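Participant: Take this structure, written in structure tokens, and hold onto it; I'll ask about it next.
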Amino acid sequence: MLLLLSVVKDQRKTAAALRVAYKGFVRFLPSVLAIILVVGLIVGFVPPKVIAQAIGKNSGAQGVAIASFLGAVLFIPVIIAFPLARSLLDMGAGYMATAAFITTLTMVGFVFLPLEIKELGKKFAIARNALSFVAAVAIAVVVGVIVG
């Protein structure tokens with residue numbers, strides 16, 4: 001409805017906006033396909049029992065540690081990580097471990113640490129990552145207490 005209103009008001013601006021939207025969609029499409037691929041591979045090749053044992057509700061601190069480490073070292077775009085987290089929960093992962101995975105994935109960047117050190121300095125980069133890791137685990141514990 002709003003698109004039609006926009007066309008009526010100004011066809012040139014609407015066409016320009018649609019071109020921008022199309023370009024954004026084309027840039028976004030590989031991420032959507034990656035989501036489908038990554039989630040499909042994990043669901044297809046990793047048995048739910050393995051997920052439940054490693055990072056399930058009863059995995060405790062070890063499960064949170066595994067999920068935190070994976071989140072800190074993997075480079076997965078967040079747009080892929082959220083559907084993956086949902087799939088992990090569906091396969092038996094615990095909320096605390098899943099929260100640890102997502103928060104360390106978004107807050108800690110071991111993959112980019114060399115670049116961060118180069119641009120921001122060693123002391124700052126290491127302190128930021130260490131504090132982010134601690135904060136991410138604390139967030140996971142809070143989520144586990146509230147939801148679990």
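Each chain of the structure tokens is named A, B, ... in the order shown, its residues numbered from 1; ligands are numbered from 1 in display order.
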Return as CSV the residues of stretch 50-78 of chain A lying at most 6 Å from stretch 95-101 of chain A, together with the closest atom-to-atom pair for each and the distance in Å to one decimal, counting only C-alpha atoms, with rows in chain order and ascending residue number.
Facilitator:
```
residue,atom,partner,partner_atom,distance
A:Ile55,CA,A:Ala97,CA,5.8
A:Gly63,CA,A:Ala97,CA,5.9
A:Val64,CA,A:Ala97,CA,4.4
A:Ala67,CA,A:Phe101,CA,4.7
A:Ser68,CA,A:Phe101,CA,5.0
A:Gly71,CA,A:Phe101,CA,4.6
```
Participant: Quick one: write out the picked residues with N, CA and C atoms as a PDB file, in the first residue's frame?
Facilitator:
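part38.pdb written:
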```
ATOM      1  N   ILE A  55      26.315 -29.459  24.721  1.00  0.00           N
ATOM      2  CA  ILE A  55      25.866 -28.150  25.203  1.00  0.00           C
ATOM      3  C   ILE A  55      24.400 -28.171  25.649  1.00  0.00           C
ATOM      4  N   GLY A  63      29.390 -27.262  29.156  1.00  0.00           N
ATOM      5  CA  GLY A  63      28.618 -26.895  27.968  1.00  0.00           C
ATOM      6  C   GLY A  63      28.732 -25.412  27.658  1.00  0.00           C
ATOM      7  N   VAL A  64      28.668 -24.586  28.707  1.00  0.00           N
ATOM      8  CA  VAL A  64      28.814 -23.141  28.516  1.00  0.00           C
ATOM      9  C   VAL A  64      30.215 -22.822  28.018  1.00  0.00           C
ATOM     10  N   ALA A  67      30.447 -23.866  24.278  1.00  0.00           N
ATOM     11  CA  ALA A  67      29.700 -22.923  23.447  1.00  0.00           C
ATOM     12  C   ALA A  67      30.392 -21.559  23.404  1.00  0.00           C
ATOM     13  N   SER A  68      30.937 -21.115  24.536  1.00  0.00           N
ATOM     14  CA  SER A  68      31.636 -19.829  24.588  1.00  0.00           C
ATOM     15  C   SER A  68      32.877 -19.853  23.717  1.00  0.00           C
ATOM     16  N   GLY A  71      31.840 -19.850  20.019  1.00  0.00           N
ATOM     17  CA  GLY A  71      31.375 -18.526  19.626  1.00  0.00           C
ATOM     18  C   GLY A  71      32.507 -17.524  19.488  1.00  0.00           C
TER      19      GLY A  71
END
```
Participant: Between atom CA of A:Pro47 and atom CA of A:Phe75, measure the distance and give it in Å to one decimal.
Facilitator: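 Separation between atom CA of A:Pro47 and atom CA of A:Phe75: 22.5 Å.
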Participant: Could you state the separation of atom CA of A:Leu120 and atom CA of A:Phe82 in Å, given to one decimal place?
Facilitator: 28.7 Å
Participant: To one decimal in Å, tell me the separation between atom CA of A:Ala136 and atom CA of A:Phe69.
Facilitator: 11.0 Å
Participant: Residues at most 9 Å from A:Gln53, counting only C-alpha atoms, excluding those fewer than 6 positions away in the same chain, as a ChimeraX atom specification?
Facilitator: /A:59,63,92-93
Participant: Would you please give, as a PyMOL selection string, all residues of chain A that DSSP assigns to helix (DSSP H, G or I) based on the backbone?
Facilitator: chain A and resi 2-9+11-45+48-55+60-73+78-90+95-107+113-120+122-147
Participant: Output the selection as a short mmCIF file (atom, residue, chain, number, x, y, z; two decimals), in the first residue's frame - C-alpha atoms for each residue.
Facilitator:
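In the end it all went to part_38.cif:
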```
data_model
loop_
_atom_site.label_atom_id
_atom_site.label_comp_id
_atom_site.auth_asym_id
_atom_site.auth_seq_id
_atom_site.Cartn_x
_atom_site.Cartn_y
_atom_site.Cartn_z
CA LEU A 2 2.76 2.41 0.97
CA LEU A 3 4.66 1.50 -2.20
CA LEU A 4 1.66 2.49 -4.30
CA LEU A 5 1.36 5.73 -2.37
CA SER A 6 5.04 6.38 -3.03
CA VAL A 7 4.61 5.74 -6.76
CA VAL A 8 1.69 8.17 -6.89
CA LYS A 9 3.67 10.82 -5.02
CA GLN A 11 7.72 7.86 -9.47
CA ARG A 12 11.43 8.77 -9.86
CA LYS A 13 12.18 8.56 -6.15
CA THR A 14 10.21 5.32 -5.85
CA ALA A 15 12.15 3.79 -8.76
CA ALA A 16 15.43 4.90 -7.20
CA ALA A 17 14.39 3.41 -3.84
CA LEU A 18 13.42 0.13 -5.52
CA ARG A 19 16.84 -0.01 -7.24
CA VAL A 20 18.55 0.47 -3.87
CA ALA A 21 16.34 -2.19 -2.32
CA TYR A 22 17.09 -4.61 -5.17
CA LYS A 23 20.84 -4.09 -4.79
CA GLY A 24 20.52 -4.69 -1.05
CA PHE A 25 18.56 -7.87 -1.70
CA VAL A 26 21.21 -9.12 -4.11
CA ARG A 27 23.91 -8.43 -1.50
CA PHE A 28 21.81 -10.12 1.19
CA LEU A 29 20.95 -13.22 -0.86
CA PRO A 30 24.28 -15.04 -0.27
CA SER A 31 23.76 -14.68 3.49
CA VAL A 32 20.29 -16.20 3.25
CA LEU A 33 21.65 -19.10 1.22
CA ALA A 34 24.47 -19.50 3.74
CA ILE A 35 21.90 -19.69 6.56
CA ILE A 36 20.11 -22.49 4.78
CA LEU A 37 23.38 -24.30 4.05
CA VAL A 38 24.93 -24.02 7.53
CA VAL A 39 21.76 -24.90 9.41
CA GLY A 40 21.06 -27.75 6.98
CA LEU A 41 24.56 -29.18 7.38
CA ILE A 42 24.44 -29.05 11.15
CA VAL A 43 20.95 -30.53 11.35
CA GLY A 44 21.87 -33.16 8.76
CA PHE A 45 25.27 -34.25 10.04
CA PRO A 48 20.80 -34.16 18.27
CA LYS A 49 22.21 -36.50 20.92
CA VAL A 50 25.70 -35.06 20.37
CA ILE A 51 24.40 -31.49 20.67
CA ALA A 52 22.45 -32.37 23.82
CA GLN A 53 25.50 -34.01 25.40
CA ALA A 54 27.95 -31.25 24.52
CA ILE A 55 25.87 -28.15 25.20
CA GLY A 60 26.59 -27.34 33.01
CA ALA A 61 29.73 -25.23 33.04
CA GLN A 62 31.40 -27.51 30.50
CA GLY A 63 28.62 -26.89 27.97
CA VAL A 64 28.81 -23.14 28.52
CA ALA A 65 32.61 -23.29 28.12
CA ILE A 66 32.34 -25.25 24.86
CA ALA A 67 29.70 -22.92 23.45
CA SER A 68 31.64 -19.83 24.59
CA PHE A 69 34.84 -21.04 23.00
CA LEU A 70 33.09 -21.91 19.72
CA GLY A 71 31.38 -18.53 19.63
CA ALA A 72 34.63 -16.70 20.32
CA VAL A 73 36.67 -18.42 17.61
CA VAL A 78 24.99 -12.92 13.12
CA ILE A 79 22.28 -13.25 10.49
CA ILE A 80 23.28 -16.92 10.25
CA ALA A 81 23.95 -17.40 13.95
CA PHE A 82 20.39 -16.72 15.13
CA PRO A 83 18.71 -19.39 12.99
CA LEU A 84 21.57 -21.72 13.89
CA ALA A 85 20.95 -21.04 17.58
CA ARG A 86 17.27 -21.86 17.12
CA SER A 87 18.22 -25.13 15.46
CA LEU A 88 20.64 -25.93 18.27
CA LEU A 89 17.89 -25.33 20.82
CA ASP A 90 15.56 -27.57 18.83
CA TYR A 95 19.51 -21.91 26.80
CA MET A 96 22.59 -20.97 28.81
CA ALA A 97 25.00 -22.57 26.34
CA THR A 98 23.13 -21.13 23.37
CA ALA A 99 23.22 -17.66 24.92
CA ALA A 100 26.96 -18.12 25.54
CA PHE A 101 27.45 -19.07 21.90
CA ILE A 102 25.52 -16.09 20.54
CA THR A 103 26.99 -13.52 22.93
CA THR A 104 30.60 -14.58 22.44
CA LEU A 105 30.02 -14.81 18.70
CA THR A 106 28.87 -11.20 18.59
CA MET A 107 31.06 -9.69 21.32
CA LEU A 113 42.31 -9.99 16.97
CA PRO A 114 45.46 -9.38 14.85
CA LEU A 115 43.69 -6.62 12.91
CA GLU A 116 42.25 -5.15 16.10
CA ILE A 117 45.71 -5.14 17.70
CA LYS A 118 47.14 -3.40 14.65
CA GLU A 119 44.43 -0.73 14.57
CA LEU A 120 43.66 -0.22 18.27
CA LYS A 122 47.57 -4.71 21.80
CA LYS A 123 46.57 -3.72 25.33
CA PHE A 124 43.17 -2.35 24.29
CA ALA A 125 42.35 -5.21 21.92
CA ILE A 126 43.18 -7.91 24.45
CA ALA A 127 41.38 -6.09 27.27
CA ARG A 128 38.29 -5.55 25.11
CA ASN A 129 38.13 -9.20 24.06
CA ALA A 130 38.77 -10.50 27.58
CA LEU A 131 36.13 -8.22 29.13
CA SER A 132 33.70 -9.04 26.33
CA PHE A 133 34.24 -12.75 26.94
CA VAL A 134 33.57 -12.38 30.67
CA ALA A 135 30.49 -10.22 29.98
CA ALA A 136 29.20 -12.72 27.41
CA VAL A 137 29.48 -15.61 29.87
CA ALA A 138 27.79 -13.51 32.56
CA ILE A 139 24.94 -12.75 30.14
CA ALA A 140 24.64 -16.46 29.39
CA VAL A 141 24.40 -17.28 33.09
CA VAL A 142 21.68 -14.65 33.57
CA VAL A 143 19.77 -16.03 30.59
CA GLY A 144 20.15 -19.55 32.00
CA VAL A 145 18.82 -18.47 35.39
CA ILE A 146 15.89 -16.54 33.92
CA VAL A 147 14.87 -18.95 31.17
#
```
